[in-house]
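Peer 1: Supplied structure: input39.cif, mmCIF, C-alpha atoms.
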```
data_my_file
#
loop_
_atom_site.label_atom_id
_atom_site.label_comp_id
_atom_site.auth_asym_id
_atom_site.auth_seq_id
_atom_site.Cartn_x
_atom_site.Cartn_y
_atom_site.Cartn_z
CA MET N 1 49.38 17.56 -25.42
CA LYS N 2 49.17 15.84 -22.03
CA SER N 3 45.86 17.55 -21.13
CA ASN N 4 44.42 16.62 -24.53
CA ARG N 5 45.12 12.89 -23.88
CA PHE N 6 43.64 13.24 -20.41
CA GLY N 7 40.44 14.77 -21.86
CA ARG N 8 40.13 11.99 -24.45
CA PHE N 9 40.62 9.38 -21.74
CA TRP N 10 37.64 10.72 -19.75
CA ILE N 11 35.46 10.90 -22.86
CA VAL N 12 36.25 7.28 -23.76
CA ALA N 13 35.85 6.13 -20.15
CA SER N 14 32.48 7.89 -19.89
CA LEU N 15 31.25 6.32 -23.12
CA VAL N 16 32.31 2.84 -21.99
CA LEU N 17 30.53 3.35 -18.67
CA VAL N 18 27.30 4.59 -20.29
CA LEU N 19 27.30 1.79 -22.89
CA GLY N 20 28.04 -0.80 -20.21
CA LEU N 21 25.18 0.38 -18.01
CA GLY N 22 22.82 0.48 -20.98
CA LEU N 23 23.74 -3.08 -21.94
CA ALA N 24 23.34 -4.29 -18.36
CA LEU N 25 19.87 -2.78 -18.14
CA ALA N 26 18.86 -4.15 -21.53
CA ILE N 27 19.74 -7.75 -20.63
CA SER N 28 18.63 -7.56 -17.01
CA PRO N 29 15.90 -10.09 -16.12
CA VAL N 30 14.27 -7.55 -13.79
CA ARG N 31 11.24 -5.99 -15.45
CA ALA N 32 8.52 -3.70 -14.18
CA ALA N 33 5.56 -5.58 -12.80
CA THR N 34 2.43 -5.81 -14.88
CA PHE N 35 -0.55 -4.19 -13.21
CA ALA N 36 -4.04 -5.35 -14.12
CA ALA N 37 -7.54 -4.79 -12.81
CA GLY N 38 -9.75 -7.57 -11.48
CA PRO N 39 -10.94 -9.97 -10.30
CA VAL N 40 -13.69 -7.89 -8.63
CA PHE N 41 -13.36 -4.53 -10.39
CA ARG N 42 -12.45 -4.89 -14.08
CA GLU N 43 -11.95 -1.18 -14.76
CA PHE N 44 -10.45 0.00 -11.48
CA GLY N 45 -8.03 -1.05 -8.76
CA LYS N 46 -5.09 -2.30 -10.82
CA VAL N 47 -2.69 -4.53 -8.88
CA ALA N 48 0.36 -6.69 -9.56
CA ALA N 49 0.67 -10.38 -8.76
CA VAL N 50 3.19 -10.86 -5.95
CA ASP N 51 5.02 -13.95 -4.69
CA ALA N 52 4.39 -12.90 -1.08
CA ASP N 53 6.20 -14.29 1.95
CA MET N 54 3.25 -13.22 4.11
CA PRO N 55 0.35 -15.24 2.69
CA VAL N 56 -3.21 -14.12 3.29
CA PRO N 57 -5.23 -17.02 4.74
CA PRO N 58 -8.30 -17.65 2.55
CA ASP N 59 -10.60 -17.49 5.60
CA THR N 60 -9.45 -13.95 6.45
CA MET N 61 -12.25 -11.52 7.30
CA PHE N 62 -11.32 -7.92 6.48
CA LYS N 63 -13.12 -4.85 7.84
CA VAL N 64 -11.05 -1.88 6.73
CA ALA N 65 -11.76 1.87 6.74
CA PHE N 66 -9.94 4.25 4.41
CA ASP N 67 -9.51 7.90 5.42
CA ILE N 68 -9.53 10.16 2.36
CA SER N 69 -8.83 13.88 2.49
CA ASP N 70 -6.77 14.54 -0.64
CA PRO N 71 -8.92 15.44 -3.65
CA ALA N 72 -8.24 14.19 -7.14
CA LYS N 73 -6.82 16.63 -9.65
CA ALA N 74 -9.75 18.36 -11.34
CA GLY N 75 -11.39 16.03 -13.84
CA GLU N 76 -9.27 13.03 -12.87
CA MET N 77 -10.09 9.87 -10.92
CA SER N 78 -9.18 9.91 -7.24
CA ARG N 79 -6.19 7.67 -6.61
CA ALA N 80 -7.13 7.58 -2.93
CA ILE N 81 -10.62 6.25 -3.69
CA ASP N 82 -9.12 3.82 -6.23
CA SER N 83 -7.00 2.41 -3.38
CA ALA N 84 -10.17 0.83 -1.97
CA ALA N 85 -10.74 -0.99 -5.27
CA ARG N 86 -7.07 -2.03 -5.27
CA PHE N 87 -7.40 -3.42 -1.74
CA ILE N 88 -10.43 -5.48 -2.70
CA ASN N 89 -8.91 -6.71 -5.98
CA MET N 90 -5.53 -7.68 -4.53
CA ASN N 91 -6.97 -9.62 -1.61
CA ALA N 92 -9.60 -11.35 -3.77
CA ALA N 93 -6.82 -12.32 -6.20
CA ALA N 94 -4.87 -13.69 -3.21
CA GLY N 95 -7.75 -16.05 -2.43
CA VAL N 96 -9.91 -14.15 0.07
CA PRO N 97 -13.58 -14.44 -0.90
CA PRO N 98 -14.94 -10.99 -1.85
CA ALA N 99 -17.76 -11.56 0.67
CA ASN N 100 -15.08 -11.51 3.40
CA ILE N 101 -13.72 -8.10 2.37
CA HIS N 102 -15.68 -5.23 3.94
CA VAL N 103 -14.50 -1.73 3.11
CA ALA N 104 -15.68 1.73 4.17
CA LEU N 105 -14.44 5.11 2.97
CA VAL N 106 -14.51 8.18 5.18
CA VAL N 107 -14.06 11.22 2.96
CA HIS N 108 -13.44 14.73 4.29
CA GLY N 109 -11.91 18.04 3.35
CA ARG N 110 -11.73 19.02 -0.32
CA ALA N 111 -11.89 15.33 -1.30
CA GLY N 112 -15.62 15.73 -0.68
CA PHE N 113 -15.92 17.25 -4.16
CA ASP N 114 -15.01 13.81 -5.60
CA LEU N 115 -18.33 12.51 -4.20
CA THR N 116 -20.54 15.11 -5.89
CA ARG N 117 -22.89 15.00 -8.87
CA GLN N 118 -21.78 16.45 -12.17
CA PRO N 119 -23.42 19.92 -12.05
CA PHE N 120 -22.02 20.65 -8.58
CA TYR N 121 -18.63 19.15 -9.39
CA ALA N 122 -18.30 21.10 -12.64
CA ALA N 123 -19.25 24.35 -10.91
CA HIS N 124 -16.29 23.90 -8.55
CA ASN N 125 -13.81 22.39 -11.03
CA ALA N 126 -13.63 24.64 -14.10
CA GLY N 127 -16.52 22.86 -15.84
CA LEU N 128 -14.75 19.48 -15.87
CA ALA N 129 -16.44 16.10 -15.39
CA ASN N 130 -16.06 14.20 -12.12
CA GLY N 131 -13.44 11.58 -12.97
CA SER N 132 -14.31 9.56 -9.85
CA GLU N 133 -18.03 9.16 -10.54
CA ALA N 134 -17.85 5.73 -12.24
CA LEU N 135 -15.42 4.43 -9.61
CA VAL N 136 -17.68 5.57 -6.75
CA ALA N 137 -20.67 3.88 -8.45
CA ALA N 138 -18.72 0.62 -8.86
CA LEU N 139 -17.60 0.62 -5.21
CA LEU N 140 -21.14 1.31 -4.00
CA ALA N 141 -22.53 -1.46 -6.24
CA HIS N 142 -20.07 -3.85 -4.60
CA GLY N 143 -21.29 -2.89 -1.12
CA VAL N 144 -18.55 -0.47 -0.08
CA ASP N 145 -19.88 2.12 2.37
CA ILE N 146 -18.86 5.67 1.49
CA TYR N 147 -19.33 8.39 4.10
CA LEU N 148 -18.87 12.11 3.56
CA CYS N 149 -17.90 14.17 6.59
CA GLY N 150 -20.87 16.43 7.34
CA GLN N 151 -18.62 19.13 8.75
CA SER N 152 -16.56 19.23 5.56
CA ALA N 153 -19.73 19.15 3.46
CA ALA N 154 -21.10 22.14 5.37
CA GLY N 155 -17.85 24.04 4.90
CA LEU N 156 -17.76 23.26 1.18
CA GLY N 157 -21.45 23.96 0.62
CA ILE N 158 -22.24 20.35 -0.34
CA GLY N 159 -25.83 19.34 0.38
CA LYS N 160 -27.27 15.83 0.26
CA GLY N 161 -28.77 16.60 -3.14
CA ASP N 162 -25.29 17.39 -4.47
CA MET N 163 -23.88 14.00 -3.46
CA LEU N 164 -23.56 11.04 -5.82
CA PRO N 165 -26.33 8.46 -5.32
CA GLY N 166 -25.50 6.03 -2.51
CA VAL N 167 -22.98 8.22 -0.70
CA LYS N 168 -23.97 8.72 2.94
CA MET N 169 -23.55 11.82 5.10
CA ALA N 170 -21.83 11.32 8.46
CA LEU N 171 -21.97 13.81 11.33
CA SER N 172 -18.21 14.14 10.96
CA ALA N 173 -15.22 12.13 9.77
CA MET N 174 -14.12 11.74 13.39
CA THR N 175 -17.51 10.32 14.36
CA ALA N 176 -17.58 8.00 11.34
CA HIS N 177 -14.16 6.57 12.22
CA ALA N 178 -15.14 6.11 15.87
CA LEU N 179 -18.33 4.27 14.91
CA LEU N 180 -16.55 2.11 12.33
CA GLN N 181 -13.91 1.15 14.91
CA GLN N 182 -16.67 0.12 17.31
CA ARG N 183 -17.99 -2.12 14.49
CA GLY N 184 -14.60 -3.82 14.18
CA TYR N 185 -13.08 -1.85 11.30
CA THR N 186 -9.36 -1.15 11.30
CA LEU N 187 -7.95 2.03 9.79
CA ASN N 188 -5.83 1.57 6.68
CA PRO N 189 -2.81 3.85 7.20
CA PHE N 190 -2.23 4.43 3.48
#
```
Can the structure in the file be given as structure tokens, please?
Peer 2:
Amino acid sequence: MKSNRFGRFWIVASLVLVLGLGLALAISPVRAATFAAGPVFREFGKVAAVDADMPVPPDTMFKVAFDISDPAKAGEMSRAIDSAARFINMNAAAGVPPANIHVALVVHGRAGFDLTRQPFYAAHNAGLANGSEALVAALLAHGVDIYLCGQSAAGLGIGKGDMLPGVKMALSAMTAHALLQQRGYTLNPF
């Protein structure tokens, strides 16, 4: 009899705890941030508005290089390449003129496939479409420089004719980063 009461006590206590937590979460003012694209890229680079304690001065001049080596999942858009659109959108939304935001991508390793034309991409990705093609085109149209490591391209069998229009071939990713640093670009660590 005593163990039966003890068991009921834990069941009731557990239910009260679960219901209490559920109620607390339901009435909590904390909500997930809303992410939206824009103001530069309307289809890519979704960001959240933030009440930042580290304001970005409107006269800031950015020159940032992104190192990309992780490929997108076959047929999907590259989250790493989308980070460049996010960087541009979030800083433009914070008041930095888009003309002051200079971005370069240095792509190497298997991520090089994300910079290839449809026939080549499909041949290496189970016939799927390149989910990054529209994003790459939008970045290039905005003036983002996109460099493919020539050493990776050679290893993957990617020729210049296989690359999306506007993508440039670098001697290597190492060389591209060295040259970009000499031009005043900083390396984004993310």
Peer 1: I'd like to see the residues matched by the PyMOL selection byres ((chain N and resi 173) around 8) on this file, and ideally I'd get them as a PyMOL selection string.
Peer 2: chain N and resi 106-108+147-151+170-172+174-177
Peer 1: For the structure shown, which residues end up in the PyMOL selection byres ((chain N and resi 130) around 10)? Put them as a list in words, please?
Peer 2: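 After applying the PyMOL selection byres ((chain N and resi 130) around 10), what remains is Ala72, Lys73, Ala74, Gly75, Glu76, Met77, Ser78, Phe113, Asp114, Leu115, Thr116, Arg117, Gln118, Pro119, Phe120, Tyr121, Ala122, Asn125, Gly127, Leu128, Ala129, Gly131, Ser132, Glu133 and Ala134 of chain N.
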Peer 1: Please enumerate the residues selected by the PyMOL selection byres ((chain N and resi 143) around 12) when evaluated against the supplied file, formatted as a list in words.
Peer 2: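 Output of the PyMOL selection byres ((chain N and resi 143) around 12): Val40, Ala84, Ala85, Ile88, Pro98, Ala99, Asn100, Ile101, His102, Val103, Ala104, Leu105, Val136, Ala137, Ala138, Leu139, Leu140, Ala141, His142, Val144, Asp145, Ile146, Gly166 and Val167 of chain N.
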Peer 1: My list of candidates is N:Leu187, N:Ala37, N:Leu164, N:Val96. Which is closest to Asp59 in chain N when distances are computed with only C-alpha atoms?
Peer 2: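 Using only C-alpha atoms, the shortest distance to Asp59 in chain N belongs to N:Val96.
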Peer 1: Can you work out which one of N:Ala33, N:Ile68, N:Met163, N:Ile158 has the shortest atom-to-atom distance to Val50 in chain N, counting all atoms listed in the file?
Peer 2: N:Ala33
Peer 1: Could you check which of N:Pro71, N:Pro39, N:Pro58, N:Gly109 is closest to Ala93 in chain N, using only C-alpha atoms?
Peer 2: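 The shortest atom-to-atom distance to Ala93 in chain N comes from N:Pro39.
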Peer 1: Would you work out the distance separating CA of Lys63 in chain N from CA of Asp162 in chain N, expressed in Å to one decimal?
Peer 2: 28.2 Å
Peer 1: What is the distance between CA of Val47 in chain N and CA of Thr34 in chain N, in Å to one decimal?
Peer 2: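 These atoms are spaced 8.0 Å apart.
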